[in-house]
Amino acid sequence: MYKLKNVTKQYPGKGRKVVALNDVTVDIPDGQMVAIQGPTGGGKSTLLQMLGALDRPSSGTIELEDSSLGQLGDTKLGAIRGKEIGFVFQNFNLIPTLTAQENVETALVPLGVSAAERKERAEKALASVGLAERGDHRPSELSGGQQQRVAIARAIVKEPAVLLADEPTGNLDEETRDEIMEVLEGLWRDRGLTLVIVTHDSAVARRAQRRLHIKQGKVKDLG
Amino acid sequence: MFGTYLRRELTGRRKQTIIIAIGMALAIALVIIVNSVAAGVKNAQAEVLKSVYGVGTDITVTKKVSALSSTGQSTAQAGQNGQGPRFDFGADAGTQTGDGSRTVDSSRLSVGMGTSTMSTSTLATVKKTDGVSAAAAVLSLENTSFKGTLPTFNRDQEGQRGQSDTTQQSSGGADGQGGSSFSVDSFSVMGITPGAKAVGPIASTALVEGRTLTANDEGKKVVVLDKSYAKSNSYAVGDTIKIGGKKFTIVGTVKSTGSDSTTASNAYIPLDVAQSLSDEKGKVSTIYVTASSSNDVDALKASLEKTLPKATVSTQSDLASSVSGSLGSASQLVSNLGTWLSIIVLAAAFLIAILFTISGVTRRTREFGTLKAIGWSNRRIVGQVAGESVVQGLIGGIAGIVIGVIGVFVVNVISPTLTGGVSSGGFGGALADGARRAFNGGSGSTTGAGGTGSGFAAGAPGGGSGFGQTARSAASSASTQIDLSAPITLWVIVIAVALAVLGGLLAGAIGGWRASRLRPAEALRSVQ
């Protein structure tokens, strides 16, 4: 469960500080599917980065289970990311020189999983997103939807507690968007994940159990 | 995963890999070629020095030369200062011929120009010095023979010096009108200790015919000739040869064991006989020293310099700088241009590798940000970047070794011929190699004549014709033609590989450092 209390994030700007998050207090229970919406520059991605232990708040606290993410060092944050949190990005962020199978395996490297087990688990993850036959394809040989499926497989292969998706359908057409959302919803439902999706797309947001609207760093819980 | 990721990156980013590898390969190849050629030139220099100084000589000790001979002053001046050989003939010198002329034949054994002598006791001092394994002294001499016809001088001319030459009358001589004809020949003679342990020039000779000098030859007029000299002058074992006006029996001939066609001297005679005939009793010109350990040569040199402050102590490396000719030029070219070129190309290759790696890291910001986001540690990412750079360096290194070996092979196929000599001024005049003698003599003139006799002095301020002669024999022994052979040693390969790895590590370390500084959130934000 996430517990955010009075979280503020400021970035140094020209002459004045830019406040990306302004005194945000919100809880996200385990297993909840949450959509975060809001205008560009409102602080959606910053909030996602705080939840994903990619950055630390300027003030306030963020707790994930028993860990206070704002207080931990880089190594421990890296370990939490490696074990507990899966990421899906708008641009897929696959490594272009690696095959789909190898891209998925990269998520298991920090966990010290053996090569054989990596291979087996990656194959299963790819199969779970419907890409069992595409393991040896490079990203450039896959469609946008397929690439996002590979990215989802990479995010779930380590069986995380949390899946954070930053505009996962932002670069996809409607049909593919629906396919990807089907996959994400299926995984959330089947695996009991906490799923947080940042999106501009209201159709996507409507699928979530809970919607948060963020504007000028302030979060409004739309329920 | 490390290996798979590395392989994929190198093959996936082929252009970058190829450019870095080519840069590194060229640098490594150049290093190998320059190193090998330098080693070949060094070997050639050693070969030249070996032929002059002998196998196993680590250090030579000579007397410090005076400013006169060390500054390359003209031979005429040297002669005027009494440095050259001097022939004086009385009125009754030589043999009277039918037309009244006199034929003269004289030879003189003297210390060669540019050579200084020191006491034999120096050898004992050297032998007592710690770190000396063996030492031998030699006396380098020049045998100059003068043969010719002198004209008849009218005794009435005595006292008419200062009058116009046109009033003087001469007759006889080579042209029947008071002219003269002379031939001057010279060859090098080295006094060595017979039967002593072979150190010095004699160590690089091999017996061709007859025998070498033994301890029993002390005090005897016996000589061992250089084979080439003997052949060109039609001497054979058992013949006699005039040295210092005395007849010596030729007991053997020797040849050089090196690439040189001649040995260090034309003739080798017992040291005591050489000292006696040249009026240099108790004197030697050079002491050749073998160090107990090749690692102690510099220390031994310092020790000898302290013990013998008036001597010039030279090591092989000191002497290498005295090698002249195209070999000397090649040495300078390799050591100057070659080394700097290698350093510049190597630096450029390193720079290319570093810049490409940094550029690669910048281009892969999102990739590394993503890896960090999914839990990869900084260490793992730095290791990945460094590993890729090292492998790129190694690929370049291996290609460089292949190109370098081919380059060295081409050098060896071409095998340029280098000429090497040892300059006389470089190390205290240990040898008179290349030194020139000039003999100025009068012809058909009484100018310079002393009373009733004919004075004939080297470098004398005589009028009339003058003639000079190169000290052919000595010079020939120092000029060596050597076909350059560039060796490739294991060390060169090891250095090449080490440089390639170093270049890769350097580029990887800098690239990895940049990658490690990327904060995952900023890395992801910067491209989205």
# chains A, B, ... in the order shown; residues from 1 in each chain; ligands from 1
call {"tool": "interface_residues", "arguments": {"of": "chain B", "to": "chain A", "cutoff": "7 Å", "atoms": "only C-alpha atoms", "output": "NGL selection string"}}
result
:B and (5 or 8-9 or 12 or 367 or 370 or 373-377 or 520-521)
call {"tool": "residues_around", "arguments": {"residues": "Gly38 (chain A)", "least_positions_apart": "2", "cutoff": "9 Å", "atoms": "only C-alpha atoms", "output": "ChimeraX atom specification"}}
result
/A:36,40-44,198-200,212-215
call {"tool": "residues_around", "arguments": {"residues": "region 232-245 of chain B", "least_positions_apart": "5", "cutoff": "8 Å", "atoms": "only C-alpha atoms", "output": "number ranges by chain"}}
result
B: 106-109, 143-144, 209-210, 250-253, 277-278
call {"tool": "residues_around", "arguments": {"residues": "Gln101 (chain A)", "least_positions_apart": "3", "cutoff": "8 Å", "atoms": "only C-alpha atoms", "output": "ChimeraX atom specification"}}
result
/A:98,104-105,119,122-123,126,134-137
call {"tool": "write_last_selection", "arguments": {"atoms": "N, CA, C and O atoms", "output": "compact mmCIF listing (two decimals), in the first residue's frame"}}
result
# COMPACT_ATOMS: atom_id res chain seq x y z
N LEU A 98 18.51 -5.77 -28.43
CA LEU A 98 18.17 -7.07 -27.84
C LEU A 98 16.87 -7.59 -28.43
O LEU A 98 16.00 -6.81 -28.85
N VAL A 104 12.93 -8.90 -22.10
CA VAL A 104 12.18 -9.32 -20.92
C VAL A 104 13.13 -9.82 -19.83
O VAL A 104 12.97 -9.55 -18.65
N GLU A 105 14.17 -10.53 -20.27
CA GLU A 105 15.13 -11.09 -19.31
C GLU A 105 15.88 -10.01 -18.53
O GLU A 105 16.33 -10.24 -17.41
N LYS A 119 15.34 -17.48 -18.84
CA LYS A 119 14.80 -17.84 -20.15
C LYS A 119 13.37 -18.38 -20.00
O LYS A 119 12.45 -17.97 -20.72
N ALA A 122 10.91 -15.63 -18.85
CA ALA A 122 10.68 -14.65 -19.93
C ALA A 122 9.75 -15.22 -20.98
O ALA A 122 8.87 -14.52 -21.50
N GLU A 123 9.95 -16.49 -21.29
CA GLU A 123 9.07 -17.14 -22.27
C GLU A 123 7.62 -17.15 -21.78
O GLU A 123 6.69 -16.87 -22.54
N LEU A 126 6.19 -13.61 -21.94
CA LEU A 126 5.83 -13.26 -23.33
C LEU A 126 4.55 -13.99 -23.75
O LEU A 126 3.68 -13.42 -24.43
N ARG A 134 7.19 -14.61 -30.69
CA ARG A 134 7.97 -13.45 -31.14
C ARG A 134 9.21 -13.20 -30.28
O ARG A 134 9.80 -12.12 -30.34
N GLY A 135 9.57 -14.17 -29.51
CA GLY A 135 10.68 -13.97 -28.58
C GLY A 135 11.99 -13.59 -29.22
O GLY A 135 12.80 -12.85 -28.64
N ASP A 136 12.25 -14.08 -30.43
CA ASP A 136 13.54 -13.80 -31.05
C ASP A 136 13.49 -12.60 -32.01
O ASP A 136 14.42 -12.39 -32.78
N HIS A 137 12.41 -11.86 -31.94
CA HIS A 137 12.32 -10.66 -32.78
C HIS A 137 12.88 -9.46 -32.05
O HIS A 137 12.72 -9.32 -30.85
call {"tool": "atom_distance", "arguments": {"atom1": "CA of Gly40 (chain B)", "atom2": "CA of Leu484 (chain B)"}}
result
6.1 Å
call {"tool": "residues_around", "arguments": {"residues": "Gly511 (chain B)", "least_positions_apart": "5", "cutoff": "10 Å", "atoms": "only C-alpha atoms", "output": "PyMOL selection string"}}
result
chain B and resi 353-362+382+385-386+389+505-506+516
call {"tool": "write_last_selection", "arguments": {"atoms": "N, CA, C and O atoms", "output": "JSON list (two decimals), in the first residue's frame"}}
result
[["chain", "number", "residue", "atom", "x", "y", "z"],
["B", 353, "ALA", "N", 37.93, 6.71, -29.27],
["B", 353, "ALA", "CA", 37.21, 5.70, -28.48],
["B", 353, "ALA", "C", 36.42, 6.37, -27.36],
["B", 353, "ALA", "O", 35.25, 6.03, -27.12],
["B", 354, "ILE", "N", 37.06, 7.33, -26.69],
["B", 354, "ILE", "CA", 36.39, 8.01, -25.57],
["B", 354, "ILE", "C", 35.18, 8.81, -26.07],
["B", 354, "ILE", "O", 34.09, 8.72, -25.52],
["B", 355, "LEU", "N", 35.41, 9.58, -27.14],
["B", 355, "LEU", "CA", 34.32, 10.42, -27.66],
["B", 355, "LEU", "C", 33.15, 9.58, -28.15],
["B", 355, "LEU", "O", 31.99, 9.91, -27.91],
["B", 356, "PHE", "N", 33.48, 8.49, -28.84],
["B", 356, "PHE", "CA", 32.41, 7.63, -29.34],
["B", 356, "PHE", "C", 31.66, 6.97, -28.19],
["B", 356, "PHE", "O", 30.45, 6.80, -28.24],
["B", 357, "THR", "N", 32.40, 6.60, -27.17],
["B", 357, "THR", "CA", 31.74, 5.97, -26.02],
["B", 357, "THR", "C", 30.83, 6.96, -25.31],
["B", 357, "THR", "O", 29.69, 6.63, -24.95],
["B", 358, "ILE", "N", 31.35, 8.20, -25.12],
["B", 358, "ILE", "CA", 30.53, 9.23, -24.48],
["B", 358, "ILE", "C", 29.30, 9.52, -25.33],
["B", 358, "ILE", "O", 28.18, 9.62, -24.81],
["B", 359, "SER", "N", 29.55, 9.61, -26.64],
["B", 359, "SER", "CA", 28.43, 9.86, -27.54],
["B", 359, "SER", "C", 27.41, 8.72, -27.46],
["B", 359, "SER", "O", 26.20, 8.94, -27.47],
["B", 360, "GLY", "N", 27.95, 7.50, -27.36],
["B", 360, "GLY", "CA", 27.08, 6.33, -27.26],
["B", 360, "GLY", "C", 26.25, 6.36, -25.99],
["B", 360, "GLY", "O", 25.05, 6.05, -26.00],
["B", 361, "VAL", "N", 26.89, 6.75, -24.90],
["B", 361, "VAL", "CA", 26.18, 6.82, -23.61],
["B", 361, "VAL", "C", 25.09, 7.88, -23.69],
["B", 361, "VAL", "O", 23.97, 7.66, -23.23],
["B", 362, "THR", "N", 25.42, 9.01, -24.32],
["B", 362, "THR", "CA", 24.43, 10.08, -24.45],
["B", 362, "THR", "C", 23.25, 9.60, -25.28],
["B", 362, "THR", "O", 22.09, 9.86, -24.95],
["B", 382, "VAL", "N", 27.90, 0.48, -15.43],
["B", 382, "VAL", "CA", 29.29, 0.89, -15.71],
["B", 382, "VAL", "C", 30.07, -0.30, -16.28],
["B", 382, "VAL", "O", 30.82, -0.17, -17.25],
["B", 385, "VAL", "N", 29.11, -0.85, -19.92],
["B", 385, "VAL", "CA", 29.71, 0.14, -20.84],
["B", 385, "VAL", "C", 31.22, -0.12, -20.97],
["B", 385, "VAL", "O", 31.78, -0.12, -22.07],
["B", 386, "ALA", "N", 31.85, -0.35, -19.81],
["B", 386, "ALA", "CA", 33.31, -0.58, -19.84],
["B", 386, "ALA", "C", 33.63, -1.85, -20.60],
["B", 386, "ALA", "O", 34.59, -1.91, -21.38],
["B", 389, "SER", "N", 33.49, -1.25, -24.27],
["B", 389, "SER", "CA", 34.65, -0.47, -24.74],
["B", 389, "SER", "C", 35.92, -1.32, -24.78],
["B", 389, "SER", "O", 36.71, -1.22, -25.71],
["B", 505, "LEU", "N", 39.52, 0.52, -21.64],
["B", 505, "LEU", "CA", 39.18, 0.78, -20.24],
["B", 505, "LEU", "C", 38.98, 2.27, -20.00],
["B", 505, "LEU", "O", 38.07, 2.68, -19.28],
["B", 506, "LEU", "N", 39.89, 3.04, -20.60],
["B", 506, "LEU", "CA", 39.82, 4.50, -20.44],
["B", 506, "LEU", "C", 38.49, 5.02, -20.98],
["B", 506, "LEU", "O", 37.79, 5.79, -20.30],
["B", 516, "SER", "N", 26.78, 6.38, -15.10],
["B", 516, "SER", "CA", 26.42, 6.20, -13.69],
["B", 516, "SER", "C", 25.85, 7.48, -13.09],
["B", 516, "SER", "O", 25.14, 7.44, -12.09]]
